[in-house]
Structure formats: structure tokens, C-alpha cells
Amino acid sequence: DRGLLEAMQSRATAMAGEFEPQHVGNVLWAVATMGEIADGCLATLMDCLAARVIDFRDKLTAETKSQLHQWLLACELDTVPGAALSNSVARVKQIMGQEFLQAFSGQATQESQLRREVARTVVLSSSAGSEVEIQEEHSDVRSGYSIDILVRGRSAAGSTEWA
């Protein structure tokens, strides 16, 4: 509901000066997960909190940096095609983007019995005329996300990649 988002933006913007570093990270992460970045409804809030991120640069925990990485990534992915990031978001990315990516990428991944079984099943079910390469826990350099299983296949028809 757009009215609710506008009310939330208004209240959070009014209180932003009182936010601690974790509050800023939590709110921006929530904005990233809501998928409302592209329509600009929350632009005022994001600009206000982006300034707070820079103010809190030396006080951000690894967890908050990880949340802020997801926010920056969502801003890049959800921005209207052809449009630039807002100046405040672009400034945060320029100053601290790499630091946020490192915090996000540095999180430990958990082993999964299901992932191992799926990988084994894919290898066993590949057709005789194709080559299948399975890479578990592939790390995407740009986003920092860990892809559980990356399957690369090659057959007479050509090469294919699935995640």
C-alpha cells in the first residue's frame, strides 16, 4: 500500500537523526527486501539514511555492513533501467561499497546434505553424450552471493550453465 509506505517513510525520515547504526542497517535492508526501490516512493528516506551510513562509517558491525551490501545491490538491480543511482546512494557505494561486499562475502556458509545429494543426482543423471561439471558453493564475485550448486554442461548442441 503506497499510503503506508509514505507514512513509514515520513516517520522514519523524521526519526533518522536518532537512529543508531544498526537501526539504519535494518531499515535500509528492509527497503531492499520490499522491492519498492524502483518507484521512488522511499527515495527521501534512502537519501536521508545514506547520509547516516556515511556518518556511522567507523561504527558499523560486520552484520550491518552485510545488510548494507544487500541494500546497495538491490538499489543497483531495482533502479529503473537507464537511470542512475541517486547521488547519496552512489556516494555510499563509492566510499564503502567494497567494504560492504567484503563483509557480506566473508559470511560462513553451511554444509548441506541436500546440496550434496542434488549434486550427486545431477552427475548420475547426466546423459551419456554430455559432460557435466558441478561446482558447489560457487561465489559470485560481483554480488558476493554464494551459489549452492553451479552446473555447467556441454553436449553436441553447445555449452550451457545453470545455477
# chains A, B, ... in the order shown; residues from 1 in each chain; ligands from 1
$ select_by_dssp --residues "chain A" --states "helix (DSSP H, G or I)" --output "ChimeraX atom specification"
/A:2-18,21-34,43-55,57-59,62-78,87-105,113-125
$ residues_around --residues "A:Glu99" --least-positions-apart "5" --cutoff "9 Å" --atoms "only C-alpha atoms" --output "PyMOL selection string"
chain A and resi 65+69+104
$ closest_residue --among "A:Met96, A:Leu68, A:Leu73, A:Leu45" --to "A:Gln9" --atoms "only C-alpha atoms"
A:Leu45
$ residues_around --residues "A:Val89" --least-positions-apart "6" --cutoff "9 Å" --atoms "only C-alpha atoms" --output "list in words"
Met46, Asp47, Ala50, Ala51, Leu72 and Cys75 of chain A
$ select_by_dssp --residues "chain A" --states "strand (DSSP E or B)" --output "PDB file with N, CA and C atoms, in the first residue's frame"
ATOM      1  N   GLU A 131      28.900 -33.707 -21.082  1.00  0.00           N
ATOM      2  CA  GLU A 131      29.825 -33.553 -19.955  1.00  0.00           C
ATOM      3  C   GLU A 131      29.172 -32.588 -18.978  1.00  0.00           C
ATOM      4  N   VAL A 132      29.176 -32.945 -17.711  1.00  0.00           N
ATOM      5  CA  VAL A 132      28.592 -32.088 -16.692  1.00  0.00           C
ATOM      6  C   VAL A 132      29.657 -31.777 -15.644  1.00  0.00           C
ATOM      7  N   GLU A 133      29.796 -30.506 -15.343  1.00  0.00           N
ATOM      8  CA  GLU A 133      30.712 -30.075 -14.291  1.00  0.00           C
ATOM      9  C   GLU A 133      29.868 -29.456 -13.186  1.00  0.00           C
ATOM     10  N   ILE A 134      30.057 -29.923 -11.981  1.00  0.00           N
ATOM     11  CA  ILE A 134      29.331 -29.423 -10.822  1.00  0.00           C
ATOM     12  C   ILE A 134      30.308 -28.636  -9.959  1.00  0.00           C
ATOM     13  N   GLN A 135      29.930 -27.425  -9.615  1.00  0.00           N
ATOM     14  CA  GLN A 135      30.734 -26.640  -8.685  1.00  0.00           C
ATOM     15  C   GLN A 135      29.844 -26.267  -7.512  1.00  0.00           C
ATOM     16  N   GLU A 136      30.178 -26.783  -6.341  1.00  0.00           N
ATOM     17  CA  GLU A 136      29.411 -26.460  -5.144  1.00  0.00           C
ATOM     18  C   GLU A 136      29.981 -25.196  -4.512  1.00  0.00           C
ATOM     19  N   GLU A 137      29.093 -24.389  -3.951  1.00  0.00           N
ATOM     20  CA  GLU A 137      29.464 -23.139  -3.288  1.00  0.00           C
ATOM     21  C   GLU A 137      30.266 -22.215  -4.207  1.00  0.00           C
ATOM     22  N   HIS A 138      29.727 -21.986  -5.385  1.00  0.00           N
ATOM     23  CA  HIS A 138      30.335 -21.022  -6.318  1.00  0.00           C
ATOM     24  C   HIS A 138      30.081 -19.612  -5.781  1.00  0.00           C
ATOM     25  N   SER A 139      31.122 -18.799  -5.757  1.00  0.00           N
ATOM     26  CA  SER A 139      30.977 -17.437  -5.251  1.00  0.00           C
ATOM     27  C   SER A 139      30.890 -16.465  -6.421  1.00  0.00           C
ATOM     28  N   SER A 146      26.741 -16.630  -2.583  1.00  0.00           N
ATOM     29  CA  SER A 146      27.232 -17.979  -2.764  1.00  0.00           C
ATOM     30  C   SER A 146      26.127 -18.776  -3.459  1.00  0.00           C
ATOM     31  N   ILE A 147      26.465 -19.358  -4.588  1.00  0.00           N
ATOM     32  CA  ILE A 147      25.507 -20.179  -5.338  1.00  0.00           C
ATOM     33  C   ILE A 147      25.737 -21.622  -4.898  1.00  0.00           C
ATOM     34  N   ASP A 148      24.714 -22.247  -4.347  1.00  0.00           N
ATOM     35  CA  ASP A 148      24.871 -23.591  -3.780  1.00  0.00           C
ATOM     36  C   ASP A 148      25.477 -24.567  -4.787  1.00  0.00           C
ATOM     37  N   ILE A 149      24.876 -24.637  -5.979  1.00  0.00           N
ATOM     38  CA  ILE A 149      25.361 -25.571  -6.998  1.00  0.00           C
ATOM     39  C   ILE A 149      25.335 -24.860  -8.345  1.00  0.00           C
ATOM     40  N   LEU A 150      26.491 -24.815  -8.996  1.00  0.00           N
ATOM     41  CA  LEU A 150      26.584 -24.279 -10.351  1.00  0.00           C
ATOM     42  C   LEU A 150      26.848 -25.470 -11.256  1.00  0.00           C
ATOM     43  N   VAL A 151      25.971 -25.670 -12.240  1.00  0.00           N
ATOM     44  CA  VAL A 151      26.081 -26.798 -13.150  1.00  0.00           C
ATOM     45  C   VAL A 151      26.437 -26.259 -14.522  1.00  0.00           C
ATOM     46  N   ARG A 152      27.546 -26.734 -15.037  1.00  0.00           N
ATOM     47  CA  ARG A 152      27.946 -26.385 -16.403  1.00  0.00           C
ATOM     48  C   ARG A 152      27.874 -27.667 -17.224  1.00  0.00           C
ATOM     49  N   GLY A 153      27.213 -27.588 -18.361  1.00  0.00           N
ATOM     50  CA  GLY A 153      27.074 -28.757 -19.197  1.00  0.00           C
ATOM     51  C   GLY A 153      27.537 -28.500 -20.613  1.00  0.00           C
ATOM     52  N   ARG A 154      28.019 -29.535 -21.254  1.00  0.00           N
ATOM     53  CA  ARG A 154      28.448 -29.424 -22.637  1.00  0.00           C
ATOM     54  C   ARG A 154      27.967 -30.672 -23.371  1.00  0.00           C
ATOM     55  N   SER A 155      27.336 -30.427 -24.507  1.00  0.00           N
ATOM     56  CA  SER A 155      26.897 -31.534 -25.342  1.00  0.00           C
ATOM     57  C   SER A 155      27.173 -31.155 -26.781  1.00  0.00           C
ATOM     58  N   GLY A 158      26.169 -27.619 -27.688  1.00  0.00           N
ATOM     59  CA  GLY A 158      26.879 -26.449 -27.181  1.00  0.00           C
ATOM     60  C   GLY A 158      26.980 -26.456 -25.671  1.00  0.00           C
ATOM     61  N   SER A 159      27.421 -25.324 -25.123  1.00  0.00           N
ATOM     62  CA  SER A 159      27.624 -25.195 -23.681  1.00  0.00           C
ATOM     63  C   SER A 159      26.432 -24.516 -23.031  1.00  0.00           C
ATOM     64  N   THR A 160      26.148 -24.903 -21.784  1.00  0.00           N
ATOM     65  CA  THR A 160      25.052 -24.329 -21.027  1.00  0.00           C
ATOM     66  C   THR A 160      25.506 -24.182 -19.581  1.00  0.00           C
ATOM     67  N   GLU A 161      24.901 -23.206 -18.880  1.00  0.00           N
ATOM     68  CA  GLU A 161      25.229 -23.014 -17.470  1.00  0.00           C
ATOM     69  C   GLU A 161      23.930 -22.788 -16.721  1.00  0.00           C
ATOM     70  N   TRP A 162      23.736 -23.474 -15.604  1.00  0.00           N
ATOM     71  CA  TRP A 162      22.571 -23.298 -14.747  1.00  0.00           C
ATOM     72  C   TRP A 162      23.030 -23.043 -13.334  1.00  0.00           C
TER      73      TRP A 162
END
$ closest_residue --among "A:Asp78, A:Trp71, A:Pro21, A:Ala16" --to "A:Asp58" --atoms "only C-alpha atoms"
A:Pro21
